[in-house]
Amino acid sequence: MKNCEYRQIDLRALRTSTTRTSTNKTLQRVRRKWEVFPGKNRFYCDGRIMLARQCGVLPLTIVLIFMTSGLFFRFDCPFLVHHLTVFIPVIGGVLFLFVVITLLQTSLTDPGILPRALPDEAADIEKQIDNSRSSTYRPPPRTKEILINDQVVKLKYCFTCKMFRPPRTSHCSLCDNCVERFDHHCPWVGNCVGKRNYRFFYAFIVSLSFLTSFIFGCVITHLTLRSQRVNGIIQAIKESPASVVELVICFFSIWSILGLSGFHTYLVASNLTTNEDIKGSWSSKRGEESGNPYTYNNIFTNCCVVLCGPMQPSLIDRRGFLPPDDAPPIVTSDTELPHFMAKKDTNMCTQGTKELLESVAHSAVIQSTCTPGTPKTTAVTQESLPSTFSITVSPSSKSPSAGCSIDVPCSQRGNKQAALHNHKTMLRVSSPPFSLGHSPIILSDAPDMGFIPLN
Amino acid sequence: MATEFHNLQELRHSASLANKVFIQRDYTDGTICKFQTKFPSELDSRIERTLFEDTVKMLNNYYAEAEKIGGQSYLEGCLACLTVYLIFLCIETRYEKVLKKISWYIQEQNEKVYAPRGLLITDPIERGMRVIEISVYEDHGSSGSSSGSSTTSSSGR
């Protein structure tokens with residue numbers, strides 16, 4: 001019965017909003033997941049490259065590298081080529097290319113961001129926490145202890161991402177993401193350094209230390225040779241003032257860059273992260289013997305694993321398409337429905353299990369078991385959620401386990417716009433690729449395309 | 001296979017998502033991708049323990065193969081290092097190849113084993129490799145494993 005009602009509404013909505021659909025066609029149909037990503041990241045080239053929102057001093061890094069190298073090639077290389085060898089600019093060029101490419105790869109690659117837990121997953125974890133909770137007034141801290149290679153490791157619960165962080169994962173407050181094998185957030189590259197881009201970062205600092213040392217050495221050689229010709233260092237400096245600029249920049253950079261390279265070489269050799277080293281996670285405290293459970297106890301193996309290990313693809317699937325349920329608020333759920341339903345009806349026979357699986361997983365049906373400890377829906381903040389979010393509510397009579405009342409917030413832009421267009425505010429939620437930033441929405445089970453209007 | 005599809009299709013029209021069971025990661029061997037083989041109690045009446053464990057063990061084997069540190073991964077890593085990692089833009093890494101195998105395997109398992117029992121496995125990559133999500137479907141108007149009853153006659157293989 002409800003389905004029949006809905007079909008009528010769908011057709012009406014379809015007729016009335018056809019024009020809107022056509023104008024917003026591209027916007028509706030081809031929304032990619034990066035557009036609704038909840039973390040503080042910026043995406044370019046339609047999700048192909050990403051950057052932290054706070055890119056720190058990355059522009060300064062780029063300017064310094066380009067300026068120093070540019071001055072080197074323009075003012076020092078001609079002299080050195082003439083008096084020494086042509087390989088100097090060649091080597092300099094190769095090092096410069098290495099530095100720039102690895103810098104860009106470090107900055108523009110996904111460091112190993114873990115997508116946030118979906119609402120039902122978060123609810124399941126909450127349920128497990130509640131079940132294991134003792135009856136004390138204050139809830140215990142959300143940690144889980146596991147044994148890795150006979151070493152006790154504490155897994156912490158991330159309140160933003162709604163999951164227990166895997167080992168070596170940390171939540172970066174600047175990027176608002178959980179990053180696997182989190183090393184540190186580097187302001188110089190404007191990105192987190194984690195599992196996926198650590199090798200790029202390491203290559204960057206090593207090649208940069210080679211480049212700065214090389215330029216430093218060449219400039220010293222240049223000034224020395226020139227001063228011999230013009231009988232005085234002051235005269236030499238007057239003839240080539242750019243060299244002094246390079247000298248100063250390289251001198252100050254070398255200490256920090258070489259130091260950093262050395263430090264990271266030590267980390268790589270012992271399979272540690274900066275985060276662990278700073279916190280002293282594996283150093284012996286209070287006489288306890290606690291070693292790093294991730295090390296292979298062999299420098300060569302550690303280096304190979306960290307730098308040449310398998311490269312995991314990005315888990316956040318930036319360029320994946322959002323399921324058609326997650327439509328922009330202007331259209332609300334009405335115009336999406338026929339699209340989605342049509343897709344379901346016509347494609348069911350020919351759908352592979354995987355597509356079926358996706359349509360099921362991303363459909364308007366969300367089920368979560370209601371437990372006493374499950375939080376009710378609260379107002380969802382705007383900053384991390386797109387306005388495409390809409391909520392489906394269904395009558396709880398059919399579902400065996402639905403028992404909690406549904407409290408749907410009307411604080412979203414989408415809802416307000418929907419209210420303008422419709423008598424009743426109809427909201428629909430599908431399981432979005434990324435869960436809400438602040439609280440899971442608990443809904444009762446819905447039959448296929450079951451909706452009820454809300455005021 | 002078509003029979004099972006149609007069974008699932010009929011189920012889909014008459015069944016609703018009853019529950020989702022999440023198989024968490026097993027970190028006892030470190031940070032490698034491995035899932036717990038502990039049989040969840042919610043699936044007790046839906047699927048045989050051995051079938052479930054076989055699926056999870058097979059998935060764990062696939063992930064171990066993807067993350068294996070050996071000759072091929074070193075070769076890939078060194079080649080990548082020499083080409084300033086630009087090679088990652090051109091070729092498909094071994095990890096990605098194994099992930100494709102995993103997707104195919106999960107699809108096959110869903111078609112042959114899980115769908116006839118009213119269950120559906122979600123590829124862990126779609127959940128950020130955190131969990132294996134198993135969706136449990138229930139037939140309307142009947143409690144328990146009615147989905148299983150109509151299709152247990154089919155071999156499911």
# chains A, B, ... in the order shown; residues from 1 in each chain; ligands from 1
>>> closest_atom_pairs(of="chain B", to="chain A", cutoff="7 Å", atoms="only C-alpha atoms", output="CSV")
residue,atom,partner,partner_atom,distance
B:Gln9,CA,A:Met348,CA,6.9
B:Ser16,CA,A:Pro447,CA,5.9
B:Leu17,CA,A:Gln367,CA,6.9
B:Ala18,CA,A:Gln367,CA,6.8
B:Asn19,CA,A:Gln367,CA,6.3
B:Tyr27,CA,A:Ile148,CA,6.5
B:Thr28,CA,A:Ile148,CA,4.5
B:Asp29,CA,A:Ile148,CA,5.8
B:Gly30,CA,A:Ile148,CA,5.6
B:Thr31,CA,A:Pro167,CA,6.4
B:Glu67,CA,A:Pro310,CA,5.8
B:Ile69,CA,A:Gly309,CA,6.3
B:Ser73,CA,A:Pro310,CA,5.7
B:Tyr74,CA,A:Cys308,CA,5.4
B:Gly77,CA,A:Cys308,CA,4.1
B:Cys78,CA,A:Cys308,CA,6.4
B:Val84,CA,A:Phe98,CA,6.5
B:Tyr95,CA,A:Gln312,CA,6.2
B:Glu96,CA,A:Pro313,CA,6.8
B:Gln107,CA,A:Lys354,CA,5.9
B:Asn110,CA,A:Thr353,CA,6.8
B:Glu111,CA,A:Thr353,CA,6.5
B:Leu120,CA,A:Leu357,CA,6.9
B:Thr122,CA,A:Leu357,CA,6.7
B:Ile125,CA,A:Leu315,CA,6.7
B:Gly128,CA,A:Leu315,CA,5.2
>>> write_last_selection(atoms="N, CA and C atoms", output="tab-separated table (two decimals), in the first residue's frame")
chain	number	residue	atom	x	y	z
B	9	GLN	N	16.56	-12.47	-6.12
B	9	GLN	CA	15.73	-11.37	-6.61
B	9	GLN	C	14.37	-11.42	-5.95
B	16	SER	N	13.70	-8.25	3.68
B	16	SER	CA	14.22	-6.97	4.11
B	16	SER	C	15.50	-7.21	4.89
B	17	LEU	N	16.27	-6.18	4.95
B	17	LEU	CA	17.53	-6.28	5.67
B	17	LEU	C	17.24	-6.37	7.16
B	18	ALA	N	17.60	-7.50	7.71
B	18	ALA	CA	17.28	-7.70	9.12
B	18	ALA	C	18.41	-7.25	10.03
B	19	ASN	N	19.60	-7.52	9.62
B	19	ASN	CA	20.71	-7.28	10.51
B	19	ASN	C	21.99	-7.20	9.71
B	27	TYR	N	44.37	-8.36	14.77
B	27	TYR	CA	45.67	-7.68	14.74
B	27	TYR	C	46.77	-8.46	15.44
B	28	THR	N	46.54	-9.71	15.72
B	28	THR	CA	47.55	-10.43	16.50
B	28	THR	C	48.87	-10.62	15.75
B	29	ASP	N	48.80	-10.55	14.43
B	29	ASP	CA	50.04	-10.70	13.66
B	29	ASP	C	50.58	-9.36	13.19
B	30	GLY	N	50.13	-8.30	13.79
B	30	GLY	CA	50.63	-6.99	13.39
B	30	GLY	C	49.59	-6.23	12.62
B	31	THR	N	50.06	-5.36	11.76
B	31	THR	CA	49.13	-4.49	11.05
B	31	THR	C	48.67	-5.08	9.73
B	67	GLU	N	49.92	-8.57	0.61
B	67	GLU	CA	50.86	-7.83	1.44
B	67	GLU	C	52.16	-8.59	1.66
B	69	ILE	N	55.77	-9.77	1.60
B	69	ILE	CA	57.02	-9.07	1.33
B	69	ILE	C	57.99	-10.10	0.80
B	73	SER	N	57.61	-7.97	-4.54
B	73	SER	CA	57.31	-6.65	-3.96
B	73	SER	C	58.56	-5.79	-3.91
B	74	TYR	N	59.70	-6.42	-3.63
B	74	TYR	CA	60.95	-5.64	-3.60
B	74	TYR	C	61.28	-5.11	-4.99
B	77	GLY	N	59.11	-2.30	-5.67
B	77	GLY	CA	59.52	-1.15	-4.88
B	77	GLY	C	60.77	-0.48	-5.43
B	78	CYS	N	61.74	-1.29	-5.81
B	78	CYS	CA	62.99	-0.72	-6.34
B	78	CYS	C	62.76	-0.04	-7.68
B	84	VAL	N	61.24	7.29	-9.65
B	84	VAL	CA	60.67	8.33	-8.77
B	84	VAL	C	59.19	8.09	-8.53
B	95	TYR	N	49.17	-5.40	-5.40
B	95	TYR	CA	48.10	-5.27	-4.41
B	95	TYR	C	46.75	-5.07	-5.10
B	96	GLU	N	46.74	-4.18	-6.09
B	96	GLU	CA	45.50	-3.91	-6.80
B	96	GLU	C	45.03	-5.15	-7.56
B	107	GLN	N	32.32	-12.11	-4.93
B	107	GLN	CA	31.14	-12.19	-5.77
B	107	GLN	C	30.74	-13.65	-5.97
B	110	ASN	N	29.23	-15.02	-2.82
B	110	ASN	CA	27.87	-14.52	-2.64
B	110	ASN	C	26.89	-15.28	-3.51
B	111	GLU	N	27.28	-15.49	-4.77
B	111	GLU	CA	26.39	-16.18	-5.68
B	111	GLU	C	26.15	-17.62	-5.26
B	120	LEU	N	24.63	-11.68	2.48
B	120	LEU	CA	25.38	-10.97	1.44
B	120	LEU	C	26.64	-10.39	2.07
B	122	THR	N	29.82	-7.92	1.98
B	122	THR	CA	30.32	-6.69	1.35
B	122	THR	C	31.84	-6.78	1.31
B	125	ILE	N	37.03	-3.77	1.13
B	125	ILE	CA	37.63	-2.54	0.60
B	125	ILE	C	36.61	-1.41	0.59
B	128	GLY	N	36.71	0.34	3.97
B	128	GLY	CA	38.02	0.78	4.41
B	128	GLY	C	38.86	-0.32	5.03
>>> select_by_dssp(residues="region 84-115 of chain B", states="helix (DSSP H, G or I)", output="list in words")
Ile87, Phe88, Leu89, Cys90, Arg94, Tyr95, Glu96, Lys97, Val98, Leu99, Lys100, Lys101, Ile102, Ser103, Trp104, Tyr105, Ile106, Gln107, Glu108, Gln109, Asn110, Glu111, Lys112, Val113, Tyr114 and Ala115 of chain B
>>> write_last_selection(atoms="N, CA and C atoms", output="PDB file, in the first residue's frame")
ATOM      1  N   ILE B  87      56.030   5.237 -11.691  1.00  0.00           N
ATOM      2  CA  ILE B  87      55.511   4.002 -12.263  1.00  0.00           C
ATOM      3  C   ILE B  87      54.158   3.629 -11.667  1.00  0.00           C
ATOM      4  N   PHE B  88      53.862   4.142 -10.468  1.00  0.00           N
ATOM      5  CA  PHE B  88      52.571   3.859  -9.852  1.00  0.00           C
ATOM      6  C   PHE B  88      51.428   4.461 -10.648  1.00  0.00           C
ATOM      7  N   LEU B  89      51.746   5.478 -11.444  1.00  0.00           N
ATOM      8  CA  LEU B  89      50.704   6.086 -12.265  1.00  0.00           C
ATOM      9  C   LEU B  89      50.398   5.243 -13.486  1.00  0.00           C
ATOM     10  N   CYS B  90      51.350   4.395 -13.857  1.00  0.00           N
ATOM     11  CA  CYS B  90      51.204   3.675 -15.123  1.00  0.00           C
ATOM     12  C   CYS B  90      50.725   2.241 -14.948  1.00  0.00           C
ATOM     13  N   ARG B  94      50.707  -4.999  -7.605  1.00  0.00           N
ATOM     14  CA  ARG B  94      50.305  -6.369  -7.278  1.00  0.00           C
ATOM     15  C   ARG B  94      49.136  -6.353  -6.296  1.00  0.00           C
ATOM     16  N   TYR B  95      49.166  -5.398  -5.396  1.00  0.00           N
ATOM     17  CA  TYR B  95      48.101  -5.266  -4.409  1.00  0.00           C
ATOM     18  C   TYR B  95      46.752  -5.072  -5.097  1.00  0.00           C
ATOM     19  N   GLU B  96      46.745  -4.184  -6.085  1.00  0.00           N
ATOM     20  CA  GLU B  96      45.500  -3.915  -6.797  1.00  0.00           C
ATOM     21  C   GLU B  96      45.027  -5.147  -7.556  1.00  0.00           C
ATOM     22  N   LYS B  97      45.982  -5.896  -8.096  1.00  0.00           N
ATOM     23  CA  LYS B  97      45.598  -7.119  -8.824  1.00  0.00           C
ATOM     24  C   LYS B  97      44.951  -8.113  -7.868  1.00  0.00           C
ATOM     25  N   VAL B  98      45.546  -8.239  -6.688  1.00  0.00           N
ATOM     26  CA  VAL B  98      44.980  -9.190  -5.723  1.00  0.00           C
ATOM     27  C   VAL B  98      43.622  -8.710  -5.228  1.00  0.00           C
ATOM     28  N   LEU B  99      43.464  -7.403  -5.083  1.00  0.00           N
ATOM     29  CA  LEU B  99      42.159  -6.876  -4.662  1.00  0.00           C
ATOM     30  C   LEU B  99      41.079  -7.219  -5.678  1.00  0.00           C
ATOM     31  N   LYS B 100      41.450  -7.215  -6.930  1.00  0.00           N
ATOM     32  CA  LYS B 100      40.481  -7.593  -7.969  1.00  0.00           C
ATOM     33  C   LYS B 100      40.108  -9.063  -7.818  1.00  0.00           C
ATOM     34  N   LYS B 101      41.119  -9.871  -7.510  1.00  0.00           N
ATOM     35  CA  LYS B 101      40.842 -11.302  -7.309  1.00  0.00           C
ATOM     36  C   LYS B 101      39.900 -11.479  -6.124  1.00  0.00           C
ATOM     37  N   ILE B 102      40.128 -10.683  -5.105  1.00  0.00           N
ATOM     38  CA  ILE B 102      39.295 -10.773  -3.906  1.00  0.00           C
ATOM     39  C   ILE B 102      37.853 -10.401  -4.234  1.00  0.00           C
ATOM     40  N   SER B 103      37.685  -9.333  -5.023  1.00  0.00           N
ATOM     41  CA  SER B 103      36.320  -8.926  -5.408  1.00  0.00           C
ATOM     42  C   SER B 103      35.624 -10.039  -6.164  1.00  0.00           C
ATOM     43  N   TRP B 104      36.358 -10.641  -7.050  1.00  0.00           N
ATOM     44  CA  TRP B 104      35.778 -11.740  -7.837  1.00  0.00           C
ATOM     45  C   TRP B 104      35.409 -12.896  -6.925  1.00  0.00           C
ATOM     46  N   TYR B 105      36.281 -13.196  -5.970  1.00  0.00           N
ATOM     47  CA  TYR B 105      36.031 -14.302  -5.049  1.00  0.00           C
ATOM     48  C   TYR B 105      34.802 -14.037  -4.197  1.00  0.00           C
ATOM     49  N   ILE B 106      34.672 -12.817  -3.719  1.00  0.00           N
ATOM     50  CA  ILE B 106      33.524 -12.475  -2.875  1.00  0.00           C
ATOM     51  C   ILE B 106      32.229 -12.559  -3.685  1.00  0.00           C
ATOM     52  N   GLN B 107      32.318 -12.109  -4.925  1.00  0.00           N
ATOM     53  CA  GLN B 107      31.137 -12.194  -5.775  1.00  0.00           C
ATOM     54  C   GLN B 107      30.736 -13.646  -5.974  1.00  0.00           C
ATOM     55  N   GLU B 108      31.735 -14.460  -6.213  1.00  0.00           N
ATOM     56  CA  GLU B 108      31.467 -15.888  -6.415  1.00  0.00           C
ATOM     57  C   GLU B 108      30.872 -16.513  -5.152  1.00  0.00           C
ATOM     58  N   GLN B 109      31.433 -16.185  -4.026  1.00  0.00           N
ATOM     59  CA  GLN B 109      30.934 -16.728  -2.767  1.00  0.00           C
ATOM     60  C   GLN B 109      29.505 -16.276  -2.507  1.00  0.00           C
ATOM     61  N   ASN B 110      29.231 -15.020  -2.824  1.00  0.00           N
ATOM     62  CA  ASN B 110      27.874 -14.522  -2.643  1.00  0.00           C
ATOM     63  C   ASN B 110      26.888 -15.278  -3.509  1.00  0.00           C
ATOM     64  N   GLU B 111      27.282 -15.490  -4.766  1.00  0.00           N
ATOM     65  CA  GLU B 111      26.386 -16.176  -5.683  1.00  0.00           C
ATOM     66  C   GLU B 111      26.147 -17.619  -5.259  1.00  0.00           C
ATOM     67  N   LYS B 112      27.209 -18.275  -4.851  1.00  0.00           N
ATOM     68  CA  LYS B 112      27.099 -19.719  -4.645  1.00  0.00           C
ATOM     69  C   LYS B 112      26.726 -20.109  -3.219  1.00  0.00           C
ATOM     70  N   VAL B 113      27.199 -19.379  -2.278  1.00  0.00           N
ATOM     71  CA  VAL B 113      27.061 -19.826  -0.886  1.00  0.00           C
ATOM     72  C   VAL B 113      26.131 -18.928  -0.079  1.00  0.00           C
ATOM     73  N   TYR B 114      26.331 -17.626  -0.168  1.00  0.00           N
ATOM     74  CA  TYR B 114      25.669 -16.740   0.783  1.00  0.00           C
ATOM     75  C   TYR B 114      24.284 -16.293   0.349  1.00  0.00           C
ATOM     76  N   ALA B 115      24.151 -15.978  -0.931  1.00  0.00           N
ATOM     77  CA  ALA B 115      22.836 -15.512  -1.381  1.00  0.00           C
ATOM     78  C   ALA B 115      21.747 -16.565  -1.182  1.00  0.00           C
TER      79      ALA B 115
END
>>> closest_residue(among="A:Glu276, A:Ile205, A:Ile220, A:Tyr296", to="Ile254 (chain A)", atoms="only C-alpha atoms")
A:Ile205
>>> closest_residue(among="A:Val57, A:Cys45, A:Leu95, A:Ile237", to="Arg319 (chain A)", atoms="only C-alpha atoms")
A:Cys45
>>> residues_around(residues="region 37-46 of chain B", least_positions_apart="5", cutoff="9 Å", atoms="only C-alpha atoms", output="short mmCIF file (atom, residue, chain, number, x, y, z; two decimals) with N, CA and C atoms, in the first residue's frame")
data_model
loop_
_atom_site.label_atom_id
_atom_site.label_comp_id
_atom_site.auth_asym_id
_atom_site.auth_seq_id
_atom_site.Cartn_x
_atom_site.Cartn_y
_atom_site.Cartn_z
N ASN B 19 19.60 -7.52 9.62
CA ASN B 19 20.71 -7.28 10.51
C ASN B 19 21.99 -7.20 9.71
N VAL B 21 26.06 -8.08 10.28
CA VAL B 21 27.07 -8.66 11.17
C VAL B 21 28.43 -8.18 10.69
N PHE B 22 29.24 -7.74 11.64
CA PHE B 22 30.53 -7.19 11.27
C PHE B 22 31.65 -8.09 11.80
N ILE B 23 32.48 -8.52 10.89
CA ILE B 23 33.64 -9.33 11.28
C ILE B 23 34.82 -8.38 11.38
N ASP B 26 41.72 -8.83 12.82
CA ASP B 26 42.51 -9.59 13.78
C ASP B 26 43.94 -9.04 13.73
N PHE B 52 31.58 -20.59 6.50
CA PHE B 52 31.97 -19.23 6.89
C PHE B 52 33.47 -19.15 7.14
N GLU B 53 33.99 -20.10 7.89
CA GLU B 53 35.41 -20.06 8.21
C GLU B 53 36.27 -20.21 6.97
N ASP B 54 35.81 -21.04 6.05
CA ASP B 54 36.55 -21.21 4.80
C ASP B 54 36.63 -19.90 4.03
N VAL B 56 36.39 -16.81 5.21
CA VAL B 56 37.26 -15.83 5.88
C VAL B 56 38.73 -16.23 5.75
N LYS B 57 38.99 -17.52 5.87
CA LYS B 57 40.40 -17.96 5.75
C LYS B 57 40.91 -17.70 4.34
N ARG B 117 21.44 -18.45 1.12
CA ARG B 117 21.11 -18.48 2.54
C ARG B 117 20.63 -17.13 3.05
N GLY B 118 20.37 -16.24 2.11
CA GLY B 118 19.86 -14.94 2.52
C GLY B 118 20.91 -14.05 3.17
N LEU B 119 22.14 -14.26 2.76
CA LEU B 119 23.22 -13.42 3.31
C LEU B 119 23.95 -12.75 2.16
N VAL B 136 22.30 -9.62 6.64
CA VAL B 136 21.41 -10.75 6.87
C VAL B 136 20.01 -10.33 6.46
N GLY B 144 12.85 -16.08 11.03
CA GLY B 144 13.99 -16.98 10.91
C GLY B 144 14.43 -17.20 9.48
N SER B 145 14.96 -18.34 9.24
CA SER B 145 15.65 -18.56 7.97
C SER B 145 14.72 -19.11 6.91
N GLY B 148 16.51 -19.37 3.71
CA GLY B 148 17.31 -20.58 3.56
C GLY B 148 16.47 -21.74 3.08
#
>>> residues_around(residues="Phe75 (chain A)", least_positions_apart="5", cutoff="9 Å", atoms="only C-alpha atoms", output="count of residues only")
5
>>> atom_distance(atom1="CA of Phe72 (chain A)", atom2="CA of Pro187 (chain A)")
25.5 Å
